[in-house]
Amino acid sequence: MGADCDDAVALALLLHKMRRGECKILCVTAATARRGAAATVSAICSAYSCPDIPVGKMAPPPLSCDKEDAFAAAVAELYRKKDTETDAVSLMRRTLEEAEGKVVLAEIGPLTNVARLLRSLPDGYSEKSGIELVRQKAEGLFVMGGSFRENYAVWGRAGQSLVREWNIAQDIASARFVAENFPVPLCFVPFEAGAEVYAEIREAENDPVWDCAREFARKHGLPCGGSFSRPSWDPVTCLCAVSDVREYYRFSGFGKVEVSKEGETFFSAQEGGNARIVLLRENYRDVAGEIVF
Ligand SMILES: [Ca+2]
């Protein structure tokens, strides 16, 4: 939260679905350590009528991208919200331990917190290691991350070089660790699944999602009068996690995703593999109609 405003749309979309009883958000954690990221999450949850959702903050060290911020500090200040002191990994451990059923995880930022969760040791919240906790309590993880050759023909980029996707690139070591070791099904929702799916964010009073979009547009010198359209990498990932999107996308069979040391991602079908990837159908851009918040 802070680098790109599609994160704000993704959170608002999940909150909209929660208010309609289509999902329940157990907690939200900031995936980067920039100032105001967790506070912006709190501002959006409050504005969208769910002020009691626990929020966690990423512990230091910060990622290199945390030097940049397009909107988080400004939105935090506008809504007079402070970053929580609750640690993201502790909050995820507590949430998983206390969950009655299986939990679906969605990651729309770098995979640092998820890798830390897997590596976490027994603590006051749970006697289980992180990997055991995830194995027992998580149904799966949807990752906005990577880019896969399998989609390039439908995307219109056949033969072009692979995109090194941003979330993976921010913390390649954590992405490699998660891809290799995640103990329940992973689903990679790649760059191309959202890059040409546009969500319109409309100007509204006291709407932190609009404020995120306006500040983002300002920072990048983009036109923004009355509304702002942005690609939907994160909203599409959250839709994959909570909705039936099979009209727009296919899911591969299981296999392994390999993350290269340079941050490229490769999928290979493999029996017993832990990962699937999302594949584009010809009409995938129409999923934009499902991004309601
Ligand atoms: Ca994001």
# chains A, B, ... in the order shown; residues from 1 in each chain; ligands from 1
>>> residues_near_ligand(ligand="ligand 1", cutoff="6 Å", atoms="only C-alpha atoms and all ligand atoms", output="number ranges by chain")
A: 7, 108-109, 234
>>> write_last_selection(atoms="C-alpha atoms", output="PDB file, in the first residue's frame")
ATOM      1  CA  ASP A   7      -4.008  -2.081  -3.761  1.00  0.00           C
ATOM      2  CA  ILE A 108      -0.880  -8.363  -3.322  1.00  0.00           C
ATOM      3  CA  GLY A 109       2.588  -7.091  -2.497  1.00  0.00           C
ATOM      4  CA  ASP A 234      -4.442  -6.595  -7.197  1.00  0.00           C
TER       5      ASP A 234
END
>>> closest_atom_pairs(of="region 179-292 of chain A", to="region 94-106 of chain A", cutoff="8 Å", atoms="only C-alpha atoms", output="Markdown table")
| residue | atom | partner | partner_atom | distance |
| --- | --- | --- | --- | --- |
| A:Thr237 | CA | A:Ala106 | CA | 7.4 |
| A:Cys238 | CA | A:Ala106 | CA | 6.6 |
| A:Ala241 | CA | A:Ala106 | CA | 6.7 |
>>> write_last_selection(atoms="C-alpha atoms", output="mmCIF file, in the first residue's frame")
data_model
loop_
_atom_site.group_PDB
_atom_site.id
_atom_site.type_symbol
_atom_site.label_atom_id
_atom_site.label_comp_id
_atom_site.auth_asym_id
_atom_site.auth_seq_id
_atom_site.Cartn_x
_atom_site.Cartn_y
_atom_site.Cartn_z
ATOM 1 C CA THR A 237 -5.945 -11.399 -7.563
ATOM 2 C CA CYS A 238 -8.526 -10.808 -4.835
ATOM 3 C CA ALA A 241 -9.341 -15.654 -4.147
#
>>> select_by_dssp(residues="region 24-246 of chain A", states="helix (DSSP H, G or I)", output="mmCIF file with N, CA and C atoms, in the first residue's frame")
data_model
loop_
_atom_site.group_PDB
_atom_site.id
_atom_site.type_symbol
_atom_site.label_atom_id
_atom_site.label_comp_id
_atom_site.auth_asym_id
_atom_site.auth_seq_id
_atom_site.Cartn_x
_atom_site.Cartn_y
_atom_site.Cartn_z
ATOM 1 N N ALA A 37 1.518 3.016 5.348
ATOM 2 C CA ALA A 37 0.896 1.891 4.621
ATOM 3 C C ALA A 37 -0.207 1.249 5.471
ATOM 4 N N ALA A 38 0.133 0.879 6.712
ATOM 5 C CA ALA A 38 -0.870 0.237 7.582
ATOM 6 C C ALA A 38 -1.975 1.228 7.937
ATOM 7 N N ALA A 39 -1.604 2.498 8.109
ATOM 8 C CA ALA A 39 -2.607 3.518 8.436
ATOM 9 C C ALA A 39 -3.595 3.703 7.289
ATOM 10 N N THR A 40 -3.114 3.608 6.059
ATOM 11 C CA THR A 40 -4.008 3.721 4.903
ATOM 12 C C THR A 40 -4.972 2.542 4.863
ATOM 13 N N VAL A 41 -4.479 1.349 5.192
ATOM 14 C CA VAL A 41 -5.373 0.181 5.289
ATOM 15 C C VAL A 41 -6.477 0.472 6.315
ATOM 16 N N SER A 42 -6.088 1.001 7.479
ATOM 17 C CA SER A 42 -7.073 1.318 8.527
ATOM 18 C C SER A 42 -8.077 2.349 8.032
ATOM 19 N N ALA A 43 -7.588 3.364 7.308
ATOM 20 C CA ALA A 43 -8.486 4.419 6.808
ATOM 21 C C ALA A 43 -9.523 3.826 5.855
ATOM 22 N N ILE A 44 -9.095 2.935 4.986
ATOM 23 C CA ILE A 44 -10.031 2.335 4.015
ATOM 24 C C ILE A 44 -11.030 1.420 4.735
ATOM 25 N N CYS A 45 -10.536 0.595 5.653
ATOM 26 C CA CYS A 45 -11.451 -0.306 6.389
ATOM 27 C C CYS A 45 -12.509 0.520 7.134
ATOM 28 N N SER A 46 -12.097 1.618 7.761
ATOM 29 C CA SER A 46 -13.054 2.454 8.500
ATOM 30 C C SER A 46 -14.059 3.098 7.552
ATOM 31 N N ALA A 47 -13.566 3.663 6.451
ATOM 32 C CA ALA A 47 -14.461 4.362 5.522
ATOM 33 C C ALA A 47 -15.452 3.406 4.872
ATOM 34 N N SER A 64 13.670 -1.975 -0.518
ATOM 35 C CA SER A 64 14.246 -0.812 -1.223
ATOM 36 C C SER A 64 13.143 0.077 -1.788
ATOM 37 N N CYS A 65 11.994 -0.527 -2.170
ATOM 38 C CA CYS A 65 10.892 0.278 -2.723
ATOM 39 C C CYS A 65 10.270 1.191 -1.670
ATOM 40 N N ASP A 66 10.532 0.927 -0.388
ATOM 41 C CA ASP A 66 9.908 1.738 0.663
ATOM 42 C C ASP A 66 10.425 3.175 0.709
ATOM 43 N N LYS A 67 11.503 3.435 -0.034
ATOM 44 C CA LYS A 67 11.988 4.822 -0.112
ATOM 45 C C LYS A 67 10.979 5.690 -0.861
ATOM 46 N N ALA A 72 0.621 6.874 0.577
ATOM 47 C CA ALA A 72 0.308 6.345 1.910
ATOM 48 C C ALA A 72 0.430 7.413 3.005
ATOM 49 N N ALA A 73 1.547 8.146 3.004
ATOM 50 C CA ALA A 73 1.739 9.150 4.069
ATOM 51 C C ALA A 73 0.653 10.225 3.977
ATOM 52 N N ALA A 74 0.317 10.640 2.765
ATOM 53 C CA ALA A 74 -0.696 11.698 2.585
ATOM 54 C C ALA A 74 -2.073 11.232 3.051
ATOM 55 N N VAL A 75 -2.445 10.008 2.704
ATOM 56 C CA VAL A 75 -3.779 9.505 3.075
ATOM 57 C C VAL A 75 -3.854 9.288 4.596
ATOM 58 N N ALA A 76 -2.770 8.771 5.173
ATOM 59 C CA ALA A 76 -2.741 8.576 6.627
ATOM 60 C C ALA A 76 -2.984 9.907 7.340
ATOM 61 N N GLU A 77 -2.346 10.943 6.837
ATOM 62 C CA GLU A 77 -2.477 12.260 7.459
ATOM 63 C C GLU A 77 -3.888 12.829 7.271
ATOM 64 N N LEU A 78 -4.405 12.673 6.058
ATOM 65 C CA LEU A 78 -5.738 13.189 5.727
ATOM 66 C C LEU A 78 -6.802 12.590 6.648
ATOM 67 N N ALA A 88 2.912 -7.722 11.552
ATOM 68 C CA ALA A 88 2.181 -8.488 10.532
ATOM 69 C C ALA A 88 2.286 -10.004 10.749
ATOM 70 N N VAL A 89 3.483 -10.491 11.010
ATOM 71 C CA VAL A 89 3.663 -11.946 11.128
ATOM 72 C C VAL A 89 2.977 -12.465 12.395
ATOM 73 N N SER A 90 3.113 -11.730 13.495
ATOM 74 C CA SER A 90 2.422 -12.133 14.732
ATOM 75 C C SER A 90 0.912 -12.159 14.506
ATOM 76 N N LEU A 91 0.408 -11.159 13.790
ATOM 77 C CA LEU A 91 -1.037 -11.090 13.539
ATOM 78 C C LEU A 91 -1.493 -12.257 12.664
ATOM 79 N N MET A 92 -0.711 -12.585 11.655
ATOM 80 C CA MET A 92 -1.082 -13.734 10.808
ATOM 81 C C MET A 92 -1.040 -15.034 11.613
ATOM 82 N N ARG A 93 -0.048 -15.167 12.482
ATOM 83 C CA ARG A 93 0.049 -16.383 13.311
ATOM 84 C C ARG A 93 -1.167 -16.493 14.240
ATOM 85 N N ARG A 94 -1.501 -15.378 14.880
ATOM 86 C CA ARG A 94 -2.645 -15.390 15.801
ATOM 87 C C ARG A 94 -3.933 -15.687 15.040
ATOM 88 N N THR A 95 -4.081 -15.074 13.876
ATOM 89 C CA THR A 95 -5.303 -15.243 13.089
ATOM 90 C C THR A 95 -5.454 -16.685 12.632
ATOM 91 N N LEU A 96 -4.372 -17.268 12.160
ATOM 92 C CA LEU A 96 -4.435 -18.664 11.709
ATOM 93 C C LEU A 96 -4.737 -19.591 12.882
ATOM 94 N N GLU A 97 -4.060 -19.371 13.995
ATOM 95 C CA GLU A 97 -4.266 -20.232 15.164
ATOM 96 C C GLU A 97 -5.722 -20.182 15.638
ATOM 97 N N GLU A 98 -6.293 -18.970 15.641
ATOM 98 C CA GLU A 98 -7.654 -18.804 16.177
ATOM 99 C C GLU A 98 -8.744 -19.150 15.168
ATOM 100 N N THR A 112 7.633 -10.858 1.295
ATOM 101 C CA THR A 112 8.472 -10.818 2.501
ATOM 102 C C THR A 112 7.743 -11.356 3.739
ATOM 103 N N ASN A 113 6.550 -10.838 3.998
ATOM 104 C CA ASN A 113 5.807 -11.272 5.194
ATOM 105 C C ASN A 113 5.446 -12.750 5.131
ATOM 106 N N VAL A 114 5.116 -13.225 3.938
ATOM 107 C CA VAL A 114 4.724 -14.639 3.807
ATOM 108 C C VAL A 114 5.925 -15.542 4.085
ATOM 109 N N ALA A 115 7.087 -15.155 3.572
ATOM 110 C CA ALA A 115 8.299 -15.941 3.847
ATOM 111 C C ALA A 115 8.609 -15.915 5.348
ATOM 112 N N ARG A 116 8.447 -14.742 5.964
ATOM 113 C CA ARG A 116 8.690 -14.639 7.422
ATOM 114 C C ARG A 116 7.685 -15.491 8.192
ATOM 115 N N LEU A 117 6.438 -15.532 7.706
ATOM 116 C CA LEU A 117 5.431 -16.375 8.364
ATOM 117 C C LEU A 117 5.858 -17.848 8.293
ATOM 118 N N LEU A 118 6.281 -18.286 7.117
ATOM 119 C CA LEU A 118 6.689 -19.696 6.977
ATOM 120 C C LEU A 118 7.865 -20.026 7.888
ATOM 121 N N ARG A 119 8.761 -19.053 8.052
ATOM 122 C CA ARG A 119 9.973 -19.302 8.858
ATOM 123 C C ARG A 119 9.742 -19.062 10.340
ATOM 124 N N GLY A 130 5.635 -21.812 11.806
ATOM 125 C CA GLY A 130 4.867 -21.148 10.762
ATOM 126 C C GLY A 130 4.426 -22.100 9.673
ATOM 127 N N ILE A 131 5.330 -22.951 9.260
ATOM 128 C CA ILE A 131 5.008 -23.846 8.139
ATOM 129 C C ILE A 131 3.914 -24.838 8.552
ATOM 130 N N GLU A 132 3.954 -25.267 9.807
ATOM 131 C CA GLU A 132 2.932 -26.210 10.308
ATOM 132 C C GLU A 132 1.577 -25.509 10.452
ATOM 133 N N LEU A 133 1.622 -24.287 10.917
ATOM 134 C CA LEU A 133 0.397 -23.494 11.070
ATOM 135 C C LEU A 133 -0.276 -23.294 9.709
ATOM 136 N N VAL A 134 0.526 -22.947 8.708
ATOM 137 C CA VAL A 134 -0.012 -22.748 7.355
ATOM 138 C C VAL A 134 -0.550 -24.085 6.823
ATOM 139 N N ARG A 135 0.183 -25.143 7.019
ATOM 140 C CA ARG A 135 -0.255 -26.455 6.532
ATOM 141 C C ARG A 135 -1.617 -26.832 7.134
ATOM 142 N N GLN A 136 -1.783 -26.550 8.431
ATOM 143 C CA GLN A 136 -3.021 -26.977 9.102
ATOM 144 C C GLN A 136 -4.186 -26.031 8.884
ATOM 145 N N LYS A 137 -3.913 -24.715 8.778
ATOM 146 C CA LYS A 137 -5.015 -23.753 8.811
ATOM 147 C C LYS A 137 -5.295 -23.033 7.493
ATOM 148 N N ARG A 149 5.066 -17.191 -19.649
ATOM 149 C CA ARG A 149 5.123 -17.357 -21.098
ATOM 150 C C ARG A 149 3.818 -17.937 -21.651
ATOM 151 N N GLU A 150 3.189 -18.826 -20.890
ATOM 152 C CA GLU A 150 1.969 -19.511 -21.345
ATOM 153 C C GLU A 150 0.874 -18.534 -21.758
ATOM 154 N N ASN A 151 0.923 -17.302 -21.231
ATOM 155 C CA ASN A 151 -0.140 -16.329 -21.523
ATOM 156 C C ASN A 151 0.195 -15.374 -22.660
ATOM 157 N N TYR A 152 1.439 -15.409 -23.160
ATOM 158 C CA TYR A 152 1.874 -14.306 -24.012
ATOM 159 C C TYR A 152 1.169 -14.246 -25.363
ATOM 160 N N ALA A 153 0.711 -15.375 -25.890
ATOM 161 C CA ALA A 153 -0.004 -15.345 -27.178
ATOM 162 C C ALA A 153 -1.347 -14.635 -26.999
ATOM 163 N N VAL A 154 -2.122 -15.044 -25.992
ATOM 164 C CA VAL A 154 -3.435 -14.413 -25.767
ATOM 165 C C VAL A 154 -3.251 -12.939 -25.391
ATOM 166 N N TRP A 155 -2.185 -12.637 -24.682
ATOM 167 C CA TRP A 155 -1.908 -11.266 -24.248
ATOM 168 C C TRP A 155 -1.488 -10.381 -25.427
ATOM 169 N N TRP A 166 6.931 -6.814 -10.643
ATOM 170 C CA TRP A 166 7.401 -5.930 -9.563
ATOM 171 C C TRP A 166 7.391 -6.590 -8.186
ATOM 172 N N ASN A 167 6.280 -7.221 -7.800
ATOM 173 C CA ASN A 167 6.202 -7.803 -6.447
ATOM 174 C C ASN A 167 7.317 -8.817 -6.219
ATOM 175 N N ILE A 168 7.557 -9.647 -7.233
ATOM 176 C CA ILE A 168 8.626 -10.650 -7.121
ATOM 177 C C ILE A 168 9.979 -9.938 -7.039
ATOM 178 N N ALA A 169 10.147 -8.923 -7.877
ATOM 179 C CA ALA A 169 11.444 -8.247 -7.978
ATOM 180 C C ALA A 169 11.838 -7.528 -6.687
ATOM 181 N N GLN A 170 10.852 -7.104 -5.879
ATOM 182 C CA GLN A 170 11.175 -6.380 -4.635
ATOM 183 C C GLN A 170 11.876 -7.264 -3.610
ATOM 184 N N ILE A 172 13.231 -11.023 -4.173
ATOM 185 C CA ILE A 172 13.348 -12.269 -4.946
ATOM 186 C C ILE A 172 13.613 -13.453 -4.016
ATOM 187 N N ALA A 173 14.433 -13.243 -3.001
ATOM 188 C CA ALA A 173 14.764 -14.354 -2.089
ATOM 189 C C ALA A 173 13.506 -14.879 -1.402
ATOM 190 N N SER A 174 12.629 -13.974 -0.942
ATOM 191 C CA SER A 174 11.394 -14.425 -0.287
ATOM 192 C C SER A 174 10.474 -15.115 -1.287
ATOM 193 N N ALA A 175 10.404 -14.595 -2.508
ATOM 194 C CA ALA A 175 9.557 -15.220 -3.526
ATOM 195 C C ALA A 175 10.040 -16.635 -3.822
ATOM 196 N N ARG A 176 11.357 -16.794 -3.923
ATOM 197 C CA ARG A 176 11.913 -18.135 -4.192
ATOM 198 C C ARG A 176 11.605 -19.086 -3.029
ATOM 199 N N PHE A 177 11.722 -18.569 -1.820
ATOM 200 C CA PHE A 177 11.488 -19.415 -0.641
ATOM 201 C C PHE A 177 10.020 -19.854 -0.574
ATOM 202 N N VAL A 178 9.114 -18.911 -0.835
ATOM 203 C CA VAL A 178 7.683 -19.237 -0.774
ATOM 204 C C VAL A 178 7.319 -20.229 -1.885
ATOM 205 N N ALA A 179 7.786 -19.971 -3.110
ATOM 206 C CA ALA A 179 7.454 -20.862 -4.235
ATOM 207 C C ALA A 179 7.946 -22.281 -3.950
ATOM 208 N N GLU A 180 9.102 -22.376 -3.352
ATOM 209 C CA GLU A 180 9.696 -23.686 -3.081
ATOM 210 C C GLU A 180 9.020 -24.401 -1.914
ATOM 211 N N ASN A 181 8.646 -23.663 -0.886
ATOM 212 C CA ASN A 181 8.288 -24.311 0.390
ATOM 213 C C ASN A 181 6.845 -24.181 0.831
ATOM 214 N N PHE A 191 1.192 -10.862 -13.744
ATOM 215 C CA PHE A 191 1.128 -9.469 -14.214
ATOM 216 C C PHE A 191 0.093 -9.295 -15.318
ATOM 217 N N GLU A 192 0.138 -10.182 -16.310
ATOM 218 C CA GLU A 192 -0.700 -10.004 -17.495
ATOM 219 C C GLU A 192 -2.187 -10.221 -17.195
ATOM 220 N N ALA A 193 -2.511 -10.857 -16.068
ATOM 221 C CA ALA A 193 -3.929 -11.087 -15.742
ATOM 222 C C ALA A 193 -4.651 -9.787 -15.406
ATOM 223 N N GLY A 194 -3.891 -8.754 -14.964
ATOM 224 C CA GLY A 194 -4.537 -7.502 -14.576
ATOM 225 C C GLY A 194 -4.083 -6.280 -15.354
ATOM 226 N N PRO A 208 -11.203 7.284 1.020
ATOM 227 C CA PRO A 208 -9.739 7.170 0.944
ATOM 228 C C PRO A 208 -9.257 6.448 -0.311
ATOM 229 N N VAL A 209 -10.116 5.626 -0.924
ATOM 230 C CA VAL A 209 -9.689 4.963 -2.171
ATOM 231 C C VAL A 209 -9.487 6.026 -3.260
ATOM 232 N N TRP A 210 -10.428 6.978 -3.327
ATOM 233 C CA TRP A 210 -10.260 8.078 -4.278
ATOM 234 C C TRP A 210 -9.028 8.906 -3.931
ATOM 235 N N ASP A 211 -8.804 9.146 -2.648
ATOM 236 C CA ASP A 211 -7.635 9.939 -2.255
ATOM 237 C C ASP A 211 -6.331 9.232 -2.635
ATOM 238 N N CYS A 212 -6.307 7.904 -2.489
ATOM 239 C CA CYS A 212 -5.126 7.136 -2.923
ATOM 240 C C CYS A 212 -4.903 7.340 -4.422
ATOM 241 N N ALA A 213 -5.987 7.239 -5.199
ATOM 242 C CA ALA A 213 -5.880 7.357 -6.660
ATOM 243 C C ALA A 213 -5.451 8.770 -7.053
ATOM 244 N N ARG A 214 -6.039 9.777 -6.411
ATOM 245 C CA ARG A 214 -5.723 11.157 -6.759
ATOM 246 C C ARG A 214 -4.252 11.477 -6.448
ATOM 247 N N GLU A 215 -3.802 11.044 -5.252
ATOM 248 C CA GLU A 215 -2.399 11.290 -4.879
ATOM 249 C C GLU A 215 -1.443 10.540 -5.806
ATOM 250 N N PHE A 216 -1.840 9.314 -6.164
ATOM 251 C CA PHE A 216 -1.011 8.516 -7.077
ATOM 252 C C PHE A 216 -0.887 9.243 -8.420
ATOM 253 N N ALA A 217 -2.030 9.721 -8.949
ATOM 254 C CA ALA A 217 -2.040 10.411 -10.239
ATOM 255 C C ALA A 217 -1.178 11.671 -10.169
ATOM 256 N N ARG A 218 -1.317 12.398 -9.076
ATOM 257 C CA ARG A 218 -0.554 13.633 -8.881
ATOM 258 C C ARG A 218 0.948 13.342 -8.895
ATOM 259 N N LYS A 219 1.313 12.332 -8.127
ATOM 260 C CA LYS A 219 2.730 11.960 -7.997
ATOM 261 C C LYS A 219 3.340 11.595 -9.358
ATOM 262 N N HIS A 220 2.529 10.942 -10.204
ATOM 263 C CA HIS A 220 3.042 10.469 -11.485
ATOM 264 C C HIS A 220 2.689 11.406 -12.647
ATOM 265 N N TRP A 233 -4.112 -5.316 -11.297
ATOM 266 C CA TRP A 233 -3.380 -6.512 -10.864
ATOM 267 C C TRP A 233 -3.919 -7.030 -9.517
ATOM 268 N N ASP A 234 -4.044 -6.158 -8.546
ATOM 269 C CA ASP A 234 -4.442 -6.595 -7.197
ATOM 270 C C ASP A 234 -5.928 -6.931 -7.089
ATOM 271 N N PRO A 235 -6.832 -6.119 -7.675
ATOM 272 C CA PRO A 235 -8.251 -6.511 -7.629
ATOM 273 C C PRO A 235 -8.501 -7.871 -8.287
ATOM 274 N N VAL A 236 -7.830 -8.146 -9.402
ATOM 275 C CA VAL A 236 -8.031 -9.439 -10.073
ATOM 276 C C VAL A 236 -7.560 -10.576 -9.165
ATOM 277 N N THR A 237 -6.452 -10.360 -8.473
ATOM 278 C CA THR A 237 -5.945 -11.399 -7.563
ATOM 279 C C THR A 237 -6.957 -11.684 -6.452
ATOM 280 N N CYS A 238 -7.539 -10.610 -5.900
ATOM 281 C CA CYS A 238 -8.526 -10.808 -4.835
ATOM 282 C C CYS A 238 -9.792 -11.458 -5.380
ATOM 283 N N LEU A 239 -10.177 -11.116 -6.605
ATOM 284 C CA LEU A 239 -11.333 -11.794 -7.206
ATOM 285 C C LEU A 239 -11.058 -13.290 -7.352
ATOM 286 N N CYS A 240 -9.852 -13.626 -7.780
ATOM 287 C CA CYS A 240 -9.503 -15.058 -7.915
ATOM 288 C C CYS A 240 -9.640 -15.761 -6.563
ATOM 289 N N ALA A 241 -9.314 -15.048 -5.482
ATOM 290 C CA ALA A 241 -9.341 -15.654 -4.147
ATOM 291 C C ALA A 241 -10.763 -15.865 -3.625
ATOM 292 N N VAL A 242 -11.690 -14.967 -3.986
ATOM 293 C CA VAL A 242 -13.022 -15.028 -3.349
ATOM 294 C C VAL A 242 -14.186 -15.251 -4.312
#
>>> closest_residue(among="A:Ala10, A:Cys5, A:Val55, A:Val143", to="Cys187 (chain A)", atoms="only C-alpha atoms")
A:Val143
>>> select_by_dssp(residues="region 51-291 of chain A", states="strand (DSSP E or B)", output="number ranges by chain")
A: 55-57, 87, 103-107, 138-144, 186-189, 198-202, 227-231, 249-251, 255-259, 265-269, 275-280
>>> closest_residue(among="A:Val245, A:Leu26, A:Val9, A:Cys224", to="Tyr198 (chain A)", atoms="only C-alpha atoms")
A:Val9
>>> closest_residue(among="A:Leu11, A:Ile53, A:Gly253, A:Met1", to="Ala33 (chain A)", atoms="only C-alpha atoms")
A:Met1
>>> decode(residues="region 225-282 of chain A", atoms="C-alpha atoms", output="short mmCIF file (atom, residue, chain, number, x, y, z; two decimals), in the first residue's frame")
data_model
loop_
_atom_site.label_atom_id
_atom_site.label_comp_id
_atom_site.auth_asym_id
_atom_site.auth_seq_id
_atom_site.Cartn_x
_atom_site.Cartn_y
_atom_site.Cartn_z
CA GLY A 225 -10.33 14.85 -13.10
CA GLY A 226 -13.44 13.30 -11.60
CA SER A 227 -12.18 9.77 -12.07
CA PHE A 228 -9.00 7.77 -12.56
CA SER A 229 -8.51 4.44 -14.33
CA ARG A 230 -5.81 2.05 -13.27
CA PRO A 231 -4.81 -1.52 -14.22
CA SER A 232 -6.15 -4.13 -11.83
CA TRP A 233 -3.38 -6.51 -10.86
CA ASP A 234 -4.44 -6.59 -7.20
CA PRO A 235 -8.25 -6.51 -7.63
CA VAL A 236 -8.03 -9.44 -10.07
CA THR A 237 -5.94 -11.40 -7.56
CA CYS A 238 -8.53 -10.81 -4.83
CA LEU A 239 -11.33 -11.79 -7.21
CA CYS A 240 -9.50 -15.06 -7.91
CA ALA A 241 -9.34 -15.65 -4.15
CA VAL A 242 -13.02 -15.03 -3.35
CA SER A 243 -15.06 -15.29 -6.57
CA ASP A 244 -15.66 -17.65 -9.45
CA VAL A 245 -13.66 -16.09 -12.29
CA ARG A 246 -13.66 -19.07 -14.62
CA GLU A 247 -15.60 -17.15 -17.24
CA TYR A 248 -12.49 -14.97 -17.73
CA TYR A 249 -9.55 -17.12 -16.70
CA ARG A 250 -8.49 -20.75 -16.59
CA PHE A 251 -6.42 -22.34 -13.84
CA SER A 252 -3.54 -24.55 -14.88
CA GLY A 253 -3.07 -27.99 -13.37
CA PHE A 254 -0.65 -28.29 -10.47
CA GLY A 255 3.08 -27.98 -10.94
CA LYS A 256 6.03 -25.99 -9.69
CA VAL A 257 6.78 -22.31 -10.14
CA GLU A 258 10.45 -21.57 -10.28
CA VAL A 259 11.64 -18.05 -9.54
CA SER A 260 15.01 -17.33 -11.14
CA LYS A 261 17.68 -15.36 -9.31
CA GLU A 262 16.82 -12.47 -11.65
CA GLY A 263 13.14 -12.62 -10.69
CA GLU A 264 11.67 -14.32 -13.77
CA THR A 265 9.00 -16.95 -13.18
CA PHE A 266 8.65 -20.30 -14.93
CA PHE A 267 5.89 -22.87 -14.57
CA SER A 268 6.28 -26.59 -15.15
CA ALA A 269 3.50 -29.14 -14.79
CA GLN A 270 4.51 -31.66 -12.17
CA GLU A 271 2.57 -34.27 -10.27
CA GLY A 272 2.44 -33.35 -6.59
CA GLY A 273 3.47 -29.75 -7.32
CA ASN A 274 2.24 -27.01 -4.99
CA ALA A 275 1.37 -24.33 -7.53
CA ARG A 276 -1.08 -23.39 -10.25
CA ILE A 277 -1.02 -20.36 -12.51
CA VAL A 278 -3.87 -18.27 -13.84
CA LEU A 279 -4.26 -18.39 -17.62
CA LEU A 280 -6.00 -15.78 -19.75
CA ARG A 281 -9.13 -16.55 -21.74
CA GLU A 282 -9.65 -14.42 -24.85
#
